[in-house]
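What follows is the content of final03.cif, which has mmCIF, C-alpha atoms and all ligand atoms:
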data_model
loop_
_atom_site.label_atom_id
_atom_site.label_comp_id
_atom_site.auth_asym_id
_atom_site.auth_seq_id
_atom_site.Cartn_x
_atom_site.Cartn_y
_atom_site.Cartn_z
CA MET S 111 -7.12 -12.45 -18.02
CA ASN S 112 -9.71 -13.82 -15.55
CA LYS S 113 -12.71 -11.53 -15.82
CA PRO S 114 -14.18 -10.61 -12.42
CA THR S 115 -17.71 -11.97 -11.88
CA PRO S 116 -20.26 -11.01 -9.19
CA ASP S 117 -18.96 -13.98 -7.12
CA SER S 118 -15.29 -13.08 -7.45
CA ARG S 119 -13.27 -12.35 -4.38
CA LEU S 120 -13.41 -8.72 -3.26
CA ALA S 121 -10.24 -6.67 -2.87
CA VAL S 122 -10.00 -3.25 -1.21
CA VAL S 123 -6.99 -1.09 -2.04
CA THR S 124 -6.21 2.04 0.00
CA GLY S 125 -4.32 4.77 -1.84
CA GLY S 126 -6.12 3.35 -4.86
CA LEU S 127 -5.68 6.52 -6.90
CA GLY S 128 -1.95 6.73 -6.19
CA GLY S 129 1.00 5.90 -8.42
CA LEU S 130 1.19 2.32 -7.18
CA GLY S 131 -2.44 1.93 -6.10
CA ILE S 132 -4.04 2.36 -9.51
CA GLU S 133 -1.81 -0.32 -11.03
CA ILE S 134 -2.45 -2.64 -8.07
CA CYS S 135 -6.21 -2.21 -8.70
CA ARG S 136 -5.73 -2.96 -12.40
CA GLN S 137 -3.71 -6.12 -11.86
CA LEU S 138 -6.06 -7.40 -9.15
CA ALA S 139 -8.99 -6.91 -11.55
CA GLN S 140 -7.04 -8.65 -14.31
CA ALA S 141 -6.51 -11.52 -11.88
CA GLY S 142 -10.31 -11.79 -11.55
CA ARG S 143 -10.90 -9.85 -8.33
CA ARG S 144 -13.65 -7.30 -7.82
CA VAL S 145 -11.92 -4.17 -6.55
CA VAL S 146 -12.89 -1.20 -4.42
CA ALA S 147 -10.28 1.56 -4.46
CA LEU S 148 -10.19 3.94 -1.48
CA ASP S 149 -8.62 7.36 -1.53
CA LEU S 150 -9.28 11.00 -0.61
CA THR S 151 -12.22 12.71 -2.35
CA SER S 152 -10.23 15.88 -2.86
CA ARG S 153 -8.58 14.29 -5.87
CA ALA S 154 -11.33 14.85 -8.47
CA GLU S 155 -9.03 14.80 -11.51
CA ARG S 156 -7.39 11.62 -10.27
CA ILE S 157 -10.79 9.96 -9.82
CA ASP S 158 -11.54 10.69 -13.50
CA ALA S 159 -8.17 9.26 -14.59
CA PHE S 160 -8.81 6.19 -12.44
CA ARG S 161 -12.25 5.62 -13.98
CA GLN S 162 -10.87 5.98 -17.52
CA THR S 163 -7.87 3.73 -16.92
CA LEU S 164 -9.99 0.95 -15.45
CA ALA S 165 -13.13 1.43 -17.58
CA GLU S 166 -12.68 -1.99 -19.22
CA PHE S 167 -13.61 -3.67 -15.91
CA GLY S 168 -16.99 -1.91 -15.65
CA ASP S 169 -18.77 -2.41 -12.31
CA ALA S 170 -16.07 -4.81 -11.10
CA VAL S 171 -13.93 -1.81 -10.09
CA ALA S 172 -15.39 0.89 -7.85
CA PHE S 173 -14.17 3.92 -5.94
CA GLU S 174 -15.06 4.97 -2.38
CA PRO S 175 -13.74 8.08 -0.64
CA VAL S 176 -12.11 7.74 2.76
CA ASP S 177 -9.32 9.31 4.75
CA VAL S 178 -7.34 6.37 6.16
CA SER S 179 -6.05 8.47 9.05
CA ASP S 180 -9.61 8.59 10.46
CA TYR S 181 -10.53 5.37 12.29
CA GLU S 182 -14.27 6.02 12.47
CA ALA S 183 -14.39 6.82 8.76
CA CYS S 184 -12.51 3.61 7.93
CA ALA S 185 -14.82 1.48 10.09
CA ALA S 186 -17.90 3.06 8.48
CA THR S 187 -16.46 2.56 4.98
CA VAL S 188 -15.69 -1.10 5.66
CA ALA S 189 -19.24 -1.64 6.97
CA ARG S 190 -20.69 0.11 3.90
CA ILE S 191 -18.57 -1.94 1.46
CA GLU S 192 -19.42 -5.20 3.23
CA SER S 193 -23.14 -4.47 3.06
CA SER S 194 -23.12 -3.35 -0.58
CA HIS S 195 -20.42 -5.62 -2.10
CA GLY S 196 -20.07 -8.47 0.43
CA GLY S 197 -17.16 -9.59 2.61
CA ILE S 198 -13.68 -8.21 1.97
CA ASP S 199 -11.27 -11.01 1.02
CA VAL S 200 -8.17 -8.99 0.17
CA LEU S 201 -6.95 -5.76 1.77
CA VAL S 202 -4.02 -3.89 0.27
CA ASN S 203 -2.81 -0.99 2.42
CA ALA S 204 -1.07 1.21 -0.15
CA ALA S 205 -1.99 4.68 1.13
CA GLY S 206 1.16 6.61 1.88
CA ILE S 207 2.62 10.11 1.91
CA THR S 208 6.05 11.67 2.35
CA ARG S 209 6.96 14.65 4.52
CA ASP S 210 10.71 14.63 3.95
CA ALA S 211 12.94 16.78 6.15
CA SER S 212 16.04 16.07 8.17
CA LEU S 213 15.12 15.55 11.82
CA ARG S 214 16.67 18.85 12.83
CA LYS S 215 14.15 20.61 10.57
CA MET S 216 11.18 18.27 10.96
CA THR S 217 8.11 19.78 12.62
CA PRO S 218 5.89 17.77 14.96
CA GLN S 219 3.16 18.28 12.33
CA GLN S 220 5.27 16.60 9.62
CA TRP S 221 5.95 13.70 11.96
CA GLN S 222 2.30 13.31 13.00
CA ASP S 223 0.78 13.73 9.53
CA LEU S 224 3.01 11.01 8.15
CA LEU S 225 2.51 8.54 11.00
CA ARG S 226 -1.26 9.05 10.94
CA VAL S 227 -1.51 8.08 7.26
CA ASN S 228 1.33 5.58 6.76
CA LEU S 229 1.09 3.65 10.01
CA ASP S 230 -2.22 4.47 11.75
CA GLY S 231 -3.89 4.00 8.36
CA VAL S 232 -2.81 0.35 8.31
CA PHE S 233 -4.36 -0.19 11.75
CA ASN S 234 -7.49 1.81 10.91
CA MET S 235 -8.30 -0.38 7.90
CA SER S 236 -7.03 -3.76 9.14
CA ARG S 237 -8.91 -3.56 12.45
CA PRO S 238 -12.44 -3.48 10.96
CA VAL S 239 -11.57 -5.80 8.04
CA VAL S 240 -9.85 -8.62 9.90
CA GLU S 241 -12.93 -9.63 11.89
CA GLY S 242 -14.87 -10.72 8.80
CA MET S 243 -11.84 -12.40 7.24
CA CYS S 244 -11.31 -14.56 10.34
CA ALA S 245 -15.01 -15.39 10.56
CA ARG S 246 -15.05 -16.51 6.90
CA GLY S 247 -11.73 -18.39 7.22
CA PHE S 248 -10.01 -16.60 4.36
CA GLY S 249 -8.11 -13.35 3.97
CA ARG S 250 -5.09 -11.77 2.36
CA ILE S 251 -3.65 -8.56 3.78
CA VAL S 252 -0.77 -7.01 1.86
CA ASN S 253 0.86 -3.92 3.36
CA ILE S 254 3.05 -1.66 1.27
CA SER S 255 6.22 -0.81 3.19
CA SER S 256 9.40 0.53 1.56
CA VAL S 257 13.08 -0.18 1.10
CA ASN S 258 13.56 2.96 3.17
CA GLY S 259 11.93 1.21 6.13
CA GLN S 260 14.65 -1.42 5.83
CA THR S 261 17.66 0.85 5.29
CA GLY S 262 16.62 4.28 6.58
CA GLN S 263 16.91 7.32 4.30
CA PHE S 264 18.33 10.79 4.89
CA GLY S 265 15.37 13.11 5.49
CA GLN S 266 12.93 10.30 6.28
CA THR S 267 13.00 9.55 10.00
CA ASN S 268 9.20 9.76 9.93
CA TYR S 269 8.72 7.67 6.76
CA SER S 270 11.37 5.07 7.66
CA ALA S 271 9.90 4.66 11.16
CA ALA S 272 6.38 4.22 9.79
CA LYS S 273 7.44 1.79 7.06
CA ALA S 274 9.52 -0.33 9.46
CA GLY S 275 6.48 -0.24 11.74
CA VAL S 276 4.28 -1.53 8.94
CA HIS S 277 6.36 -4.69 8.73
CA GLY S 278 6.35 -5.16 12.52
CA PHE S 279 2.57 -4.80 12.42
CA SER S 280 2.36 -7.35 9.60
CA MET S 281 4.43 -9.96 11.43
CA ALA S 282 2.44 -9.58 14.66
CA LEU S 283 -0.95 -9.74 12.94
CA ALA S 284 0.23 -12.67 10.80
CA ARG S 285 0.71 -14.68 14.01
CA GLU S 286 -2.73 -13.73 15.30
CA THR S 287 -4.58 -14.75 12.14
CA ALA S 288 -2.52 -17.66 10.79
CA ARG S 289 -4.92 -20.32 12.06
CA LYS S 290 -7.88 -18.53 10.49
CA GLY S 291 -6.70 -18.71 6.88
CA VAL S 292 -5.69 -15.05 6.88
CA THR S 293 -2.18 -14.21 5.71
CA VAL S 294 -0.51 -10.86 6.35
CA ASN S 295 2.54 -9.87 4.33
CA THR S 296 4.54 -6.83 3.35
CA VAL S 297 5.80 -5.69 -0.03
CA SER S 298 8.76 -3.29 0.16
CA PRO S 299 9.11 -1.30 -3.06
CA GLY S 300 12.32 0.45 -3.95
CA TYR S 301 12.30 3.73 -5.87
CA CYS S 302 9.53 3.58 -8.47
CA ASP S 303 8.33 5.71 -11.33
CA THR S 304 5.57 7.48 -9.35
CA PRO S 305 4.71 11.11 -8.50
CA MET S 306 6.11 10.50 -4.98
CA VAL S 307 9.57 9.71 -6.33
CA ALA S 308 9.31 12.39 -9.04
CA ALA S 309 9.10 14.89 -6.15
CA VAL S 310 12.58 13.93 -4.90
CA PRO S 311 15.16 16.58 -5.91
CA GLU S 312 16.60 15.63 -9.29
CA ASP S 313 20.24 15.36 -8.18
CA VAL S 314 19.29 13.11 -5.25
CA ARG S 315 17.13 10.96 -7.54
CA ALA S 316 19.90 10.60 -10.14
CA GLN S 317 22.28 9.42 -7.42
CA ILE S 318 19.74 6.87 -6.21
CA VAL S 319 19.04 5.51 -9.70
CA ALA S 320 22.80 5.14 -10.22
CA GLY S 321 22.84 2.80 -7.22
CA ILE S 322 20.08 0.50 -8.48
CA PRO S 323 21.67 -2.67 -9.94
CA VAL S 324 18.82 -3.17 -12.44
CA GLY S 325 19.59 0.35 -13.68
CA ARG S 326 16.13 1.92 -13.64
CA LEU S 327 13.31 3.01 -11.37
CA GLY S 328 10.73 0.33 -10.64
CA ALA S 329 7.51 0.39 -12.62
CA PRO S 330 4.22 0.35 -10.67
CA ALA S 331 3.55 -2.94 -12.52
CA ASP S 332 6.65 -4.47 -10.88
CA ILE S 333 5.11 -3.80 -7.46
CA ALA S 334 1.56 -4.82 -8.39
CA ARG S 335 2.94 -8.16 -9.63
CA ALA S 336 4.21 -8.93 -6.11
CA VAL S 337 0.94 -7.82 -4.48
CA VAL S 338 -1.16 -10.04 -6.74
CA PHE S 339 1.17 -12.97 -6.00
CA LEU S 340 0.76 -12.58 -2.22
CA ALA S 341 -3.00 -12.02 -2.56
CA ALA S 342 -3.56 -15.23 -4.50
CA ASP S 343 -5.77 -17.98 -3.10
CA ASP S 344 -2.89 -20.46 -3.27
CA ALA S 345 -0.41 -18.20 -1.42
CA GLY S 346 -1.71 -19.42 1.96
CA TYR S 347 1.63 -20.71 3.26
CA ILE S 348 3.37 -17.34 2.91
CA THR S 349 2.67 -15.19 5.95
CA GLY S 350 4.57 -12.61 7.99
CA ALA S 351 6.97 -12.29 5.06
CA ASN S 352 8.47 -9.22 3.45
CA LEU S 353 8.85 -9.28 -0.33
CA PRO S 354 11.40 -6.68 -1.47
CA VAL S 355 10.89 -5.36 -5.02
CA ASN S 356 13.71 -2.88 -5.43
CA GLY S 357 15.79 -3.77 -8.49
CA GLY S 358 18.56 -5.02 -6.20
CA TYR S 359 18.95 -1.60 -4.49
CA PHE S 360 19.00 -3.34 -1.11
CA MET S 361 19.78 -7.03 -0.91
CA SER S 362 19.44 -8.95 2.33
CA PHE S 363 18.87 -12.47 3.52
N1 LIG M 401 23.24 11.94 2.66
C1 LIG M 401 24.14 12.62 3.36
N2 LIG M 401 24.11 13.95 3.53
C2 LIG M 401 23.10 14.61 2.94
C3 LIG M 401 22.12 13.96 2.18
C4 LIG M 401 22.22 12.57 2.04
N3 LIG M 401 21.35 11.86 1.32
N4 LIG M 401 21.26 14.89 1.72
C5 LIG M 401 21.67 16.09 2.20
N5 LIG M 401 22.81 15.91 2.90
C6 LIG M 401 23.60 16.92 3.58
C7 LIG M 401 23.81 18.13 2.69
O1 LIG M 401 24.93 17.94 1.87
C8 LIG M 401 24.02 19.24 3.71
O2 LIG M 401 25.31 19.13 4.26
P1 LIG M 401 26.05 20.43 4.86
O3 LIG M 401 25.21 20.94 6.00
O4 LIG M 401 27.37 19.92 5.30
O5 LIG M 401 26.13 21.42 3.73
C9 LIG M 401 23.04 18.84 4.78
O6 LIG M 401 22.89 17.42 4.72
C10 LIG M 401 21.70 19.49 4.50
O7 LIG M 401 20.83 19.11 5.47
P2 LIG M 401 19.40 19.79 5.47
O8 LIG M 401 18.65 19.31 6.64
O9 LIG M 401 19.56 21.28 5.35
O10 LIG M 401 18.80 19.16 4.12
P3 LIG M 401 17.90 19.90 3.09
O11 LIG M 401 16.84 20.64 3.80
O12 LIG M 401 18.73 20.59 2.10
O13 LIG M 401 17.23 18.65 2.30
C11 LIG M 401 15.99 16.63 2.16
C12 LIG M 401 17.03 17.42 2.94
C13 LIG M 401 14.66 17.37 2.10
C14 LIG M 401 15.78 15.35 2.92
C15 LIG M 401 16.50 16.37 0.74
O14 LIG M 401 17.81 15.87 0.80
C16 LIG M 401 15.64 15.31 0.05
O15 LIG M 401 14.54 15.59 -0.38
N6 LIG M 401 16.15 14.09 -0.05
C17 LIG M 401 15.42 12.97 -0.66
C18 LIG M 401 14.91 12.05 0.38
C19 LIG M 401 14.34 10.83 -0.28
O16 LIG M 401 15.03 10.03 -0.89
N7 LIG M 401 13.03 10.63 -0.15
C20 LIG M 401 12.38 9.50 -0.75
C21 LIG M 401 11.02 9.90 -1.22
S1 LIG M 401 10.29 8.67 -2.27
C22 LIG M 401 9.83 7.47 -1.22
O17 LIG M 401 9.90 7.59 -0.06
C23 LIG M 401 9.29 6.24 -1.86
C24 LIG M 401 9.97 5.04 -1.34
O18 LIG M 401 9.39 4.32 -0.55
C25 LIG M 401 11.30 4.69 -1.85
#

Would you put the structure from the file into structure tokens?
Ligand code: CAA
Amino acid sequence: MNKPTPDSRLAVVTGGLGGLGIEICRQLAQAGRRVVALDLTSRAERIDAFRQTLAEFGDAVAFEPVDVSDYEACAATVARIESSHGGIDVLVNAAGITRDASLRKMTPQQWQDLLRVNLDGVFNMSRPVVEGMCARGFGRIVNISSVNGQTGQFGQTNYSAAKAGVHGFSMALARETARKGVTVNTVSPGYCDTPMVAAVPEDVRAQIVAGIPVGRLGAPADIARAVVFLAADDAGYITGANLPVNGGYFMSF
């Protein structure tokens, strides 16, 4: 383990209290990054669990509340982090929700709520962060998409659209920042052992697991491993890429 020091690179992880986010924070800290996790304040019990899980890293891991669907709040949070912790070197956009319903039953509210968090949230954080990264000549942005953005999923027109959009966003921004030392990539998890997937009806989930060649749900650690890889200092030649981590559930070339 590389212990984070006050000079270590600074990583910001949205959805930092979530099933994947907390493990991404842990592995980034283990890789020697200072980490600021962002998530909603309304999750008091999750904030406690987060603090306990990552207590070994002391001040190197912090929490800041923000709603990623609110651009002004994101810009203010980025400014506050940059003035108190220094420039942001790594941004992991892991905040995401589901509002599953077949399109014939989906309300405009379910569509809008999902797009505002899962897609607007990526813009709202990347926009204020990217300026400093380009000015300093180094940055790593890793956006969490999903296998369901690649394949589509019954009941997820909103989620699949947003997650496919996340990769389109990543490719476009990767072109804009490539000459500035800033890479932008996507990780596309399959079905993982998280509260989000636990909420899928049991019969549907069993059918999905049966179709995973590796034979199990992904562990949050499987996803964090890929994020840390793409966020590494020596990963500078990988940009605009999508790294699928789905146990073979969807294979493509
Ligand atoms: N494929 C084909 N047909 C399906 C289907 C499927 N997967 N699921 C339901 N149907 C059929 C039903 O058999 C039924 O058919 P009949 O009308 O002929 O009886 C019909 O569609 C029911 O349609 P409804 O709109 O009434 O569906 P519903 O309201 O009962 O439930 C649902 C739909 C809420 C989407 C439910 O199926 C569900 O929750 N599915 C899980 C979706 C899912 O996988 N979400 C992933 C969440 S985790 C995640 O997103 C993380 C990640 O990145 C991987």

- In terms of only C-alpha atoms and all ligand atoms, the residue from S:Leu127, S:Ile191, S:Val297, S:Val145 at minimal distance from ligand LIG 401 (chain M) is S:Val297

- Give as number ranges by chain every residue, naming chains and numbers as the document does, that has an atom within 12 Å of (-9.4, 8.5, -10.7), counting all atoms listed in the file. S: 125-129, 131-133, 135, 147-165, 171-175

Find the nearest atom pair between each residue of chain S and ligand LIG 401 (chain M) for residues within 10 Å, count all atoms listed in the file, give distances in Å to one decimal, sort rows by chain and ascending number, and present the table as a tab-separated table.
residue	atom	partner	partner_atom	distance
S:Gly206	CA	M:LIG401	O18	8.9
S:Ile207	CA	M:LIG401	O17	8.0
S:Thr208	CA	M:LIG401	O17	6.1
S:Arg209	CA	M:LIG401	C21	8.5
S:Asp210	CA	M:LIG401	C13	5.2
S:Ala211	CA	M:LIG401	C13	4.4
S:Ser212	CA	M:LIG401	O8	4.4
S:Leu213	CA	M:LIG401	O8	7.3
S:Arg214	CA	M:LIG401	O8	6.5
S:Lys215	CA	M:LIG401	O8	6.1
S:Met216	CA	M:LIG401	O8	8.7
S:Ile254	CA	M:LIG401	O18	8.9
S:Ser255	CA	M:LIG401	O18	7.1
S:Ser256	CA	M:LIG401	O18	4.3
S:Val257	CA	M:LIG401	C25	6.0
S:Asn258	CA	M:LIG401	O18	5.8
S:Gly259	CA	M:LIG401	O18	7.8
S:Gly262	CA	M:LIG401	O16	9.6
S:Gln263	CA	M:LIG401	O16	6.1
S:Phe264	CA	M:LIG401	N3	4.8
S:Gly265	CA	M:LIG401	C14	3.4
S:Gln266	CA	M:LIG401	N7	6.4
S:Thr267	CA	M:LIG401	C14	9.6
S:Tyr269	CA	M:LIG401	O17	6.9
S:Ser270	CA	M:LIG401	O17	8.3
S:Lys273	CA	M:LIG401	O18	8.3
S:Ser298	CA	M:LIG401	O18	7.7
S:Pro299	CA	M:LIG401	O18	6.2
S:Gly300	CA	M:LIG401	C25	4.8
S:Tyr301	CA	M:LIG401	C25	4.3
S:Cys302	CA	M:LIG401	C25	6.9
S:Asp303	CA	M:LIG401	C23	9.5
S:Thr304	CA	M:LIG401	C23	8.5
S:Pro305	CA	M:LIG401	S1	8.7
S:Met306	CA	M:LIG401	S1	5.3
S:Val307	CA	M:LIG401	S1	4.3
S:Ala308	CA	M:LIG401	S1	7.8
S:Ala309	CA	M:LIG401	C21	7.3
S:Val310	CA	M:LIG401	C17	5.2
S:Pro311	CA	M:LIG401	O15	5.7
S:Glu312	CA	M:LIG401	C17	9.1
S:Asp313	CA	M:LIG401	N6	9.2
S:Val314	CA	M:LIG401	C17	6.0
S:Arg315	CA	M:LIG401	O16	7.0
S:Gln317	CA	M:LIG401	N3	9.1
S:Ile318	CA	M:LIG401	O16	7.8
S:Leu327	CA	M:LIG401	C25	9.9
S:Gly328	CA	M:LIG401	C25	9.8
S:Asn356	CA	M:LIG401	C25	8.7

- Message: What's the separation between CA of Phe279 in chain S and CA of Pro354 in chain S, in Å to one decimal place?
- Response: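 CA of Phe279 in chain S sits 16.6 Å away from CA of Pro354 in chain S.
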
With 12 Å as the cut-off and all atoms listed in the file counted, what is the closest atom pair between each nearby residue of range 204-233 of chain S and range 242-253 of chain S? Distances in Å to one decimal, ordered by chain and number, as CSV.
residue,atom,partner,partner_atom,distance
S:Ala204,CA,S:Asn253,CA,6.5
S:Ala205,CA,S:Asn253,CA,9.3
S:Gly206,CA,S:Asn253,CA,10.6
S:Asn228,CA,S:Asn253,CA,10.1
S:Leu229,CA,S:Asn253,CA,10.1
S:Gly231,CA,S:Asn253,CA,10.5
S:Val232,CA,S:Asn253,CA,7.5
S:Phe233,CA,S:Asn253,CA,10.6

- Query: Which polymer residues have any atom within 7 Å of an atom of Ile322 in chain S, counting all atoms listed in the file, with same-chain residues fewer than 6 positions away left out, as a list in words?
  - Reply: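 That gives Gly357, Gly358 and Tyr359 of chain S.
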
- Using all atoms listed in the file, which residue out of S:Arg226, S:Arg143, S:Arg326, S:Arg289 lies closest to Gly346 in chain S?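 Using all atoms listed in the file, the shortest distance to Gly346 in chain S belongs to S:Arg289.
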
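Using all atoms listed in the file, the shortest contact distance between Asp199 in chain S and any of S:Ser236, S:Ser179, S:Gln137, S:Asn268 is found at S:Ser236.
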
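Taking CA of Thr124 in chain S and CA of Pro218 in chain S as the two end points, the separation is 24.9 Å.
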
List every residue of range 202-297 of chain S that has an atom at most 7 Å from any atom of range 181-185 of chain S, and for each one report the closest atom pair and its distance in Å to one decimal, counting only C-alpha atoms, with rows sorted by chain and then by increasing residue number, as a tab-separated table.
residue	atom	partner	partner_atom	distance
S:Asn234	CA	S:Tyr181	CA	4.9
S:Met235	CA	S:Cys184	CA	5.8
S:Pro238	CA	S:Ala185	CA	5.6

- Query: Separation of CA of Asn352 in chain S and CA of Thr296 in chain S, in Å?
  - Reply: 4.6 Å
